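J.: I am sharing input28.json, which consists of JSON, C-alpha atoms:
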```json
[["chain", "number", "residue", "atom", "x", "y", "z"],
["A", 1, "MET", "CA", 138.04, 212.34, 110.12],
["A", 2, "GLY", "CA", 140.94, 214.66, 109.39],
["A", 3, "GLU", "CA", 144.68, 214.92, 109.12],
["A", 4, "PRO", "CA", 147.02, 212.59, 111.06],
["A", 5, "TRP", "CA", 147.94, 213.95, 114.49],
["A", 6, "PRO", "CA", 151.58, 213.29, 115.54],
["A", 7, "VAL", "CA", 151.97, 211.29, 118.77],
["A", 8, "PRO", "CA", 155.30, 211.87, 120.54],
["A", 9, "ASP", "CA", 154.75, 209.10, 123.14],
["A", 10, "VAL", "CA", 152.49, 206.29, 121.94],
["A", 11, "LEU", "CA", 152.28, 204.44, 125.28],
["A", 12, "THR", "CA", 151.23, 207.59, 127.14],
["A", 13, "TYR", "CA", 148.72, 208.38, 124.38],
["A", 14, "LEU", "CA", 147.08, 204.94, 124.52],
["A", 15, "ALA", "CA", 147.03, 204.50, 128.32],
["A", 16, "GLY", "CA", 143.52, 204.37, 129.78],
["A", 17, "SER", "CA", 140.15, 203.25, 128.40],
["A", 18, "TRP", "CA", 138.84, 203.60, 124.85],
["A", 19, "ARG", "CA", 135.45, 202.88, 123.33],
["A", 20, "VAL", "CA", 135.73, 200.51, 120.34],
["A", 21, "ARG", "CA", 133.53, 200.20, 117.27],
["A", 22, "ARG", "CA", 134.64, 197.85, 114.52],
["A", 23, "HIS", "CA", 133.06, 196.97, 111.20],
["A", 24, "VAL", "CA", 134.05, 193.67, 109.56],
["A", 25, "ARG", "CA", 133.36, 192.82, 105.93],
["A", 26, "ASP", "CA", 134.21, 189.63, 104.02],
["A", 27, "LEU", "CA", 134.84, 190.93, 100.50],
["A", 28, "ALA", "CA", 134.54, 187.45, 98.99],
["A", 29, "SER", "CA", 131.12, 186.55, 100.40],
["A", 30, "GLY", "CA", 129.73, 189.99, 101.22],
["A", 31, "ALA", "CA", 129.02, 188.92, 104.82],
["A", 32, "GLU", "CA", 129.26, 191.70, 107.40],
["A", 33, "GLY", "CA", 129.51, 192.04, 111.13],
["A", 34, "HIS", "CA", 130.44, 194.48, 113.85],
["A", 35, "PHE", "CA", 132.09, 194.67, 117.24],
["A", 36, "THR", "CA", 131.28, 197.14, 120.01],
["A", 37, "GLY", "CA", 133.07, 197.25, 123.30],
["A", 38, "LYS", "CA", 135.85, 198.74, 125.36],
["A", 39, "THR", "CA", 139.62, 198.54, 125.31],
["A", 40, "THR", "CA", 141.69, 199.24, 128.39],
["A", 41, "PHE", "CA", 145.41, 199.90, 128.19],
["A", 42, "GLY", "CA", 146.76, 199.24, 131.70],
["A", 43, "HIS", "CA", 150.37, 199.44, 132.82],
["A", 44, "LEU", "CA", 152.52, 196.30, 132.67],
["A", 45, "ASP", "CA", 155.18, 195.54, 135.26],
["A", 46, "GLY", "CA", 158.54, 196.25, 133.63],
["A", 47, "GLY", "CA", 157.10, 198.79, 131.18],
["A", 48, "GLY", "CA", 154.54, 198.83, 128.43],
["A", 49, "LEU", "CA", 150.79, 198.43, 128.37],
["A", 50, "LEU", "CA", 148.42, 195.48, 128.64],
["A", 51, "HIS", "CA", 145.66, 195.91, 126.03],
["A", 52, "GLN", "CA", 142.45, 194.16, 127.11],
["A", 53, "GLU", "CA", 139.48, 194.37, 124.78],
["A", 54, "CYS", "CA", 136.01, 193.03, 125.55],
["A", 55, "GLY", "CA", 132.61, 193.49, 124.00],
["A", 56, "THR", "CA", 130.12, 191.91, 121.63],
["A", 57, "PHE", "CA", 130.90, 190.69, 118.12],
["A", 58, "THR", "CA", 127.86, 190.28, 115.89],
["A", 59, "TRP", "CA", 128.44, 188.21, 112.73],
["A", 60, "GLN", "CA", 125.58, 187.73, 110.28],
["A", 61, "GLY", "CA", 123.10, 188.80, 112.95],
["A", 62, "VAL", "CA", 124.38, 186.49, 115.71],
["A", 63, "PRO", "CA", 125.88, 188.31, 118.74],
["A", 64, "ARG", "CA", 128.65, 186.65, 120.76],
["A", 65, "PRO", "CA", 130.90, 187.85, 123.58],
["A", 66, "ALA", "CA", 134.42, 188.60, 122.31],
["A", 67, "GLU", "CA", 137.72, 189.54, 123.89],
["A", 68, "ARG", "CA", 141.41, 189.74, 123.13],
["A", 69, "THR", "CA", 144.59, 190.65, 124.95],
["A", 70, "LEU", "CA", 147.72, 192.21, 123.48],
["A", 71, "ARG", "CA", 150.95, 193.60, 124.94],
["A", 72, "PHE", "CA", 152.23, 196.99, 123.80],
["A", 73, "LEU", "CA", 155.91, 197.09, 124.76],
["A", 74, "PRO", "CA", 158.26, 200.07, 124.45],
["A", 75, "GLY", "CA", 159.64, 200.41, 120.94],
["A", 76, "HIS", "CA", 162.83, 201.96, 119.62],
["A", 77, "SER", "CA", 161.59, 205.48, 120.46],
["A", 78, "PRO", "CA", 158.83, 206.97, 122.68],
["A", 79, "GLY", "CA", 156.57, 207.33, 119.62],
["A", 80, "SER", "CA", 156.78, 203.61, 118.87],
["A", 81, "ALA", "CA", 155.69, 200.30, 120.37],
["A", 82, "ASP", "CA", 156.36, 196.62, 119.82],
["A", 83, "VAL", "CA", 152.91, 194.96, 119.77],
["A", 84, "ARG", "CA", 152.72, 191.33, 120.81],
["A", 85, "PHE", "CA", 150.00, 188.75, 121.29],
["A", 86, "ALA", "CA", 149.08, 187.72, 124.85],
["A", 87, "ASP", "CA", 151.50, 184.77, 124.63],
["A", 88, "GLY", "CA", 154.40, 187.09, 123.75],
["A", 89, "LYS", "CA", 154.64, 186.23, 120.05],
["A", 90, "PRO", "CA", 155.26, 189.23, 117.75],
["A", 91, "PHE", "CA", 152.26, 190.86, 116.10],
["A", 92, "HIS", "CA", 153.38, 194.18, 114.58],
["A", 93, "ASP", "CA", 155.29, 197.38, 115.18],
["A", 94, "LEU", "CA", 153.57, 200.71, 115.76],
["A", 95, "ASP", "CA", 155.08, 204.15, 115.24],
["A", 96, "LEU", "CA", 152.71, 207.12, 115.50],
["A", 97, "THR", "CA", 155.31, 209.92, 115.59],
["A", 98, "SER", "CA", 153.87, 211.16, 112.27],
["A", 99, "GLY", "CA", 150.29, 210.30, 113.33],
["A", 100, "HIS", "CA", 150.10, 207.52, 110.73],
["A", 101, "HIS", "CA", 151.64, 204.05, 110.43],
["A", 102, "VAL", "CA", 151.29, 200.96, 108.25],
["A", 103, "ALA", "CA", 152.33, 197.55, 109.63],
["A", 104, "ASP", "CA", 152.31, 194.05, 108.16],
["A", 105, "HIS", "CA", 151.75, 190.74, 109.94],
["A", 106, "PRO", "CA", 152.26, 187.54, 107.93],
["A", 107, "CYS", "CA", 150.12, 184.66, 109.26],
["A", 108, "SER", "CA", 150.42, 181.34, 107.41],
["A", 109, "ALA", "CA", 149.31, 182.01, 103.82],
["A", 110, "ASP", "CA", 147.64, 185.32, 104.78],
["A", 111, "LEU", "CA", 149.07, 188.80, 105.05],
["A", 112, "TYR", "CA", 147.45, 191.21, 107.50],
["A", 113, "ARG", "CA", 148.13, 194.89, 106.75],
["A", 114, "GLY", "CA", 147.17, 197.38, 109.46],
["A", 115, "GLU", "CA", 146.87, 201.11, 108.92],
["A", 116, "PHE", "CA", 146.88, 203.21, 112.09],
["A", 117, "THR", "CA", 145.96, 206.90, 112.25],
["A", 118, "ALA", "CA", 145.74, 209.20, 115.28],
["A", 119, "TYR", "CA", 143.39, 212.16, 114.73],
["A", 120, "ASP", "CA", 143.49, 213.94, 118.09],
["A", 121, "ALA", "CA", 143.87, 213.22, 121.80],
["A", 122, "ASP", "CA", 140.61, 211.22, 121.86],
["A", 123, "HIS", "CA", 140.34, 209.53, 118.42],
["A", 124, "TRP", "CA", 142.41, 207.04, 116.52],
["A", 125, "ARG", "CA", 141.55, 204.55, 113.82],
["A", 126, "THR", "CA", 142.87, 201.17, 112.73],
["A", 127, "VAL", "CA", 142.00, 199.51, 109.41],
["A", 128, "TRP", "CA", 143.09, 195.90, 108.79],
["A", 129, "ARG", "CA", 143.03, 194.29, 105.38],
["A", 130, "VAL", "CA", 143.72, 190.58, 104.94],
["A", 131, "GLY", "CA", 144.86, 188.96, 101.73]]
```
As structure tokens, please, write out the structure in this file.
T.:
Amino acid sequence: MGEPWPVPDVLTYLAGSWRVRRHVRDLASGAEGHFTGKTTFGHLDGGGLLHQECGTFTWQGVPRPAERTLRFLPGHSPGSADVRFADGKPFHDLDLTSGHHVADHPCSADLYRGEFTAYDADHWRTVWRVG
């Protein structure tokens, strides 16, 4: 898409509605799927954003409704956020002051590594790899 675009205030940047397209690939089996939907970042009482995602996840040709909820809380600076699951458990940090960020989330025996890049006021990308 282009060069990373610095984001001075990540919560202001994310606030509102975003169209989501996601491609999922299982490198071991070769199976593929995709998600299409919408994410809304609405304001939380006490600060931060409530991330609500809903759409359709199609895996191996079978479509199913899918949704998830996350909490984006203020981080250590305006360019950063503390991302948590809906139940409040920690997920990952996010700092887009440079326009690019890499975050890890250990989950049992797996390690999720997320790479976040802002490209402009209307486009950002996340890539997750699981090992």
J.: Could you give me, as a list in words, the residues that have an atom at most 6 Å away from the point (147.3, 195.2, 123.6) in the coordinates of the file, using only C-alpha atoms?
T.: Leu50, His51, Thr69, Leu70, Arg71 and Phe72 of chain A
J.: Go through A:Arg64, A:Gly99, A:His92, A:Gly75 one by one, measure the shortest atom-to-atom distance of each to A:Arg113 using all atoms listed in the file, and give the residue with the smallest value.
T.: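 Closest candidate: A:His92.
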J.: Which residues come within 7 Å of A:Tyr119, counting all atoms listed in the file, excluding same-chain residues fewer than 4 positions away, as a list in words?
T.: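 Contacts, in chain order: Gly2, Glu3, Pro4, Trp5, His123 and Trp124 of chain A.
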J.: Given only C-alpha atoms as the basis, pick out the residue of A:Thr56, A:Asp45, A:Val10, A:Asp110 nearest to A:Arg22.
T.: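 Under the stated criterion, the closest residue is A:Thr56.
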J.: Any idea what the distance is between atom CA of A:Val83 and atom CA of A:His23?
T.: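 Computing the Euclidean distance for atom CA of A:Val83 and atom CA of A:His23 yields 21.7 Å.
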J.: Tell me, as a VMD selection string, which residues lie within 8 Å of stretch 27-43 of chain A, counting all atoms listed in the file; anything in the same chain fewer than 4 positions away does not count.
T.: chain A and resid 14 to 23 47 to 61
J.: So which residues fall inside 12 Å of (149.5, 188.1, 111.8) if we count only C-alpha atoms? Mind giving them as a list of chain:residue names?
T.: A:Val83, A:Arg84, A:Phe85, A:Lys89, A:Pro90, A:Phe91, A:His92, A:Asp93, A:Ala103, A:Asp104, A:His105, A:Pro106, A:Cys107, A:Ser108, A:Ala109, A:Asp110, A:Leu111, A:Tyr112, A:Arg113, A:Gly114, A:Trp128, A:Arg129, A:Val130, A:Gly131
J.: Would you kindly return, as an mmCIF file with C-alpha atoms, in the frame of the given file, each protein, DNA or RNA residue with an atom no farther than 8 Å from any atom of A:Pro78, considering only C-alpha atoms and excluding same-chain residues fewer than 6 positions away?
T.:
```cif
data_model
loop_
_atom_site.group_PDB
_atom_site.id
_atom_site.type_symbol
_atom_site.label_atom_id
_atom_site.label_comp_id
_atom_site.auth_asym_id
_atom_site.auth_seq_id
_atom_site.Cartn_x
_atom_site.Cartn_y
_atom_site.Cartn_z
ATOM 1 C CA PRO A 8 155.300 211.870 120.540
ATOM 2 C CA ASP A 9 154.750 209.100 123.140
ATOM 3 C CA VAL A 10 152.490 206.290 121.940
ATOM 4 C CA LEU A 11 152.280 204.440 125.280
#
```
J.: For A:His101, which residue among A:Glu115, A:Asp82, A:Asp120, A:Asp87 is the nearest when counting all atoms listed in the file?
T.: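 So, comparing all the options, the nearest one is A:Glu115.
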J.: Since the input is missing atoms for stretch 103-114 of chain A, could you rebuild it with all heavy atoms and give the result as a CSV table (one decimal), in the coordinates of the input?
T.:
```csv
chain,number,residue,atom,x,y,z
A,103,ALA,N,151.6,198.7,109.1
A,103,ALA,CA,152.3,197.6,109.6
A,103,ALA,C,151.8,196.3,109.0
A,103,ALA,O,150.6,196.2,108.7
A,103,ALA,CB,152.2,197.4,111.1
A,104,ASP,N,152.7,195.3,108.7
A,104,ASP,CA,152.3,194.0,108.2
A,104,ASP,C,152.5,192.9,109.2
A,104,ASP,O,153.4,193.0,110.0
A,104,ASP,CB,153.2,193.7,106.9
A,104,ASP,CG,152.8,194.6,105.7
A,104,ASP,OD1,151.7,195.1,105.7
A,104,ASP,OD2,153.7,194.7,104.8
A,105,HIS,N,151.6,191.9,109.1
A,105,HIS,CA,151.8,190.7,109.9
A,105,HIS,C,151.4,189.5,109.1
A,105,HIS,O,150.3,189.3,108.7
A,105,HIS,CB,150.8,190.8,111.1
A,105,HIS,CG,150.8,189.5,111.9
A,105,HIS,ND1,151.8,189.1,112.7
A,105,HIS,CD2,149.9,188.5,111.9
A,105,HIS,CE1,151.5,187.9,113.2
A,105,HIS,NE2,150.3,187.5,112.8
A,106,PRO,N,152.5,188.8,108.7
A,106,PRO,CA,152.3,187.5,107.9
A,106,PRO,C,151.7,186.5,108.9
A,106,PRO,O,152.3,186.3,110.0
A,106,PRO,CB,153.6,187.2,107.4
A,106,PRO,CG,154.6,187.9,108.3
A,106,PRO,CD,153.9,189.1,108.9
A,107,CYS,N,150.7,185.7,108.4
A,107,CYS,CA,150.1,184.7,109.3
A,107,CYS,C,149.8,183.5,108.3
A,107,CYS,O,148.8,183.6,107.6
A,107,CYS,CB,148.9,185.2,110.0
A,107,CYS,SG,148.1,184.0,111.1
A,108,SER,N,150.6,182.5,108.3
A,108,SER,CA,150.4,181.3,107.4
A,108,SER,C,150.4,181.9,106.0
A,108,SER,O,151.3,182.6,105.6
A,108,SER,CB,149.2,180.5,107.7
A,108,SER,OG,149.3,179.8,108.9
A,109,ALA,N,149.4,181.6,105.2
A,109,ALA,CA,149.3,182.0,103.8
A,109,ALA,C,148.7,183.4,103.7
A,109,ALA,O,148.7,184.0,102.6
A,109,ALA,CB,148.5,181.0,103.0
A,110,ASP,N,148.3,184.0,104.8
A,110,ASP,CA,147.6,185.3,104.8
A,110,ASP,C,148.6,186.4,105.1
A,110,ASP,O,149.6,186.2,105.8
A,110,ASP,CB,146.5,185.4,105.8
A,110,ASP,CG,145.4,184.4,105.5
A,110,ASP,OD1,145.2,184.1,104.3
A,110,ASP,OD2,144.7,184.0,106.4
A,111,LEU,N,148.3,187.6,104.7
A,111,LEU,CA,149.1,188.8,105.0
A,111,LEU,C,148.1,189.8,105.6
A,111,LEU,O,147.2,190.2,104.9
A,111,LEU,CB,149.8,189.4,103.9
A,111,LEU,CG,150.6,190.7,104.2
A,111,LEU,CD1,151.7,190.5,105.3
A,111,LEU,CD2,151.2,191.4,103.0
A,112,TYR,N,148.3,190.2,106.9
A,112,TYR,CA,147.4,191.2,107.5
A,112,TYR,C,148.2,192.5,107.4
A,112,TYR,O,149.4,192.6,107.7
A,112,TYR,CB,147.2,190.9,109.0
A,112,TYR,CG,146.3,189.8,109.2
A,112,TYR,CD1,146.7,188.4,108.9
A,112,TYR,CD2,145.1,190.0,109.8
A,112,TYR,CE1,145.8,187.4,109.2
A,112,TYR,CE2,144.2,188.9,110.1
A,112,TYR,CZ,144.6,187.6,109.8
A,112,TYR,OH,143.8,186.6,110.0
A,113,ARG,N,147.5,193.6,106.8
A,113,ARG,CA,148.1,194.9,106.8
A,113,ARG,C,147.3,195.8,107.6
A,113,ARG,O,146.1,196.0,107.3
A,113,ARG,CB,148.2,195.3,105.3
A,113,ARG,CG,148.7,196.8,105.2
A,113,ARG,CD,149.3,197.2,103.9
A,113,ARG,NE,150.6,196.6,103.8
A,113,ARG,CZ,151.2,196.3,102.7
A,113,ARG,NH1,150.7,196.6,101.6
A,113,ARG,NH2,152.4,195.8,102.7
A,114,GLY,N,147.9,196.4,108.6
A,114,GLY,CA,147.2,197.4,109.5
A,114,GLY,C,147.6,198.8,109.2
A,114,GLY,O,148.8,199.1,109.0
```
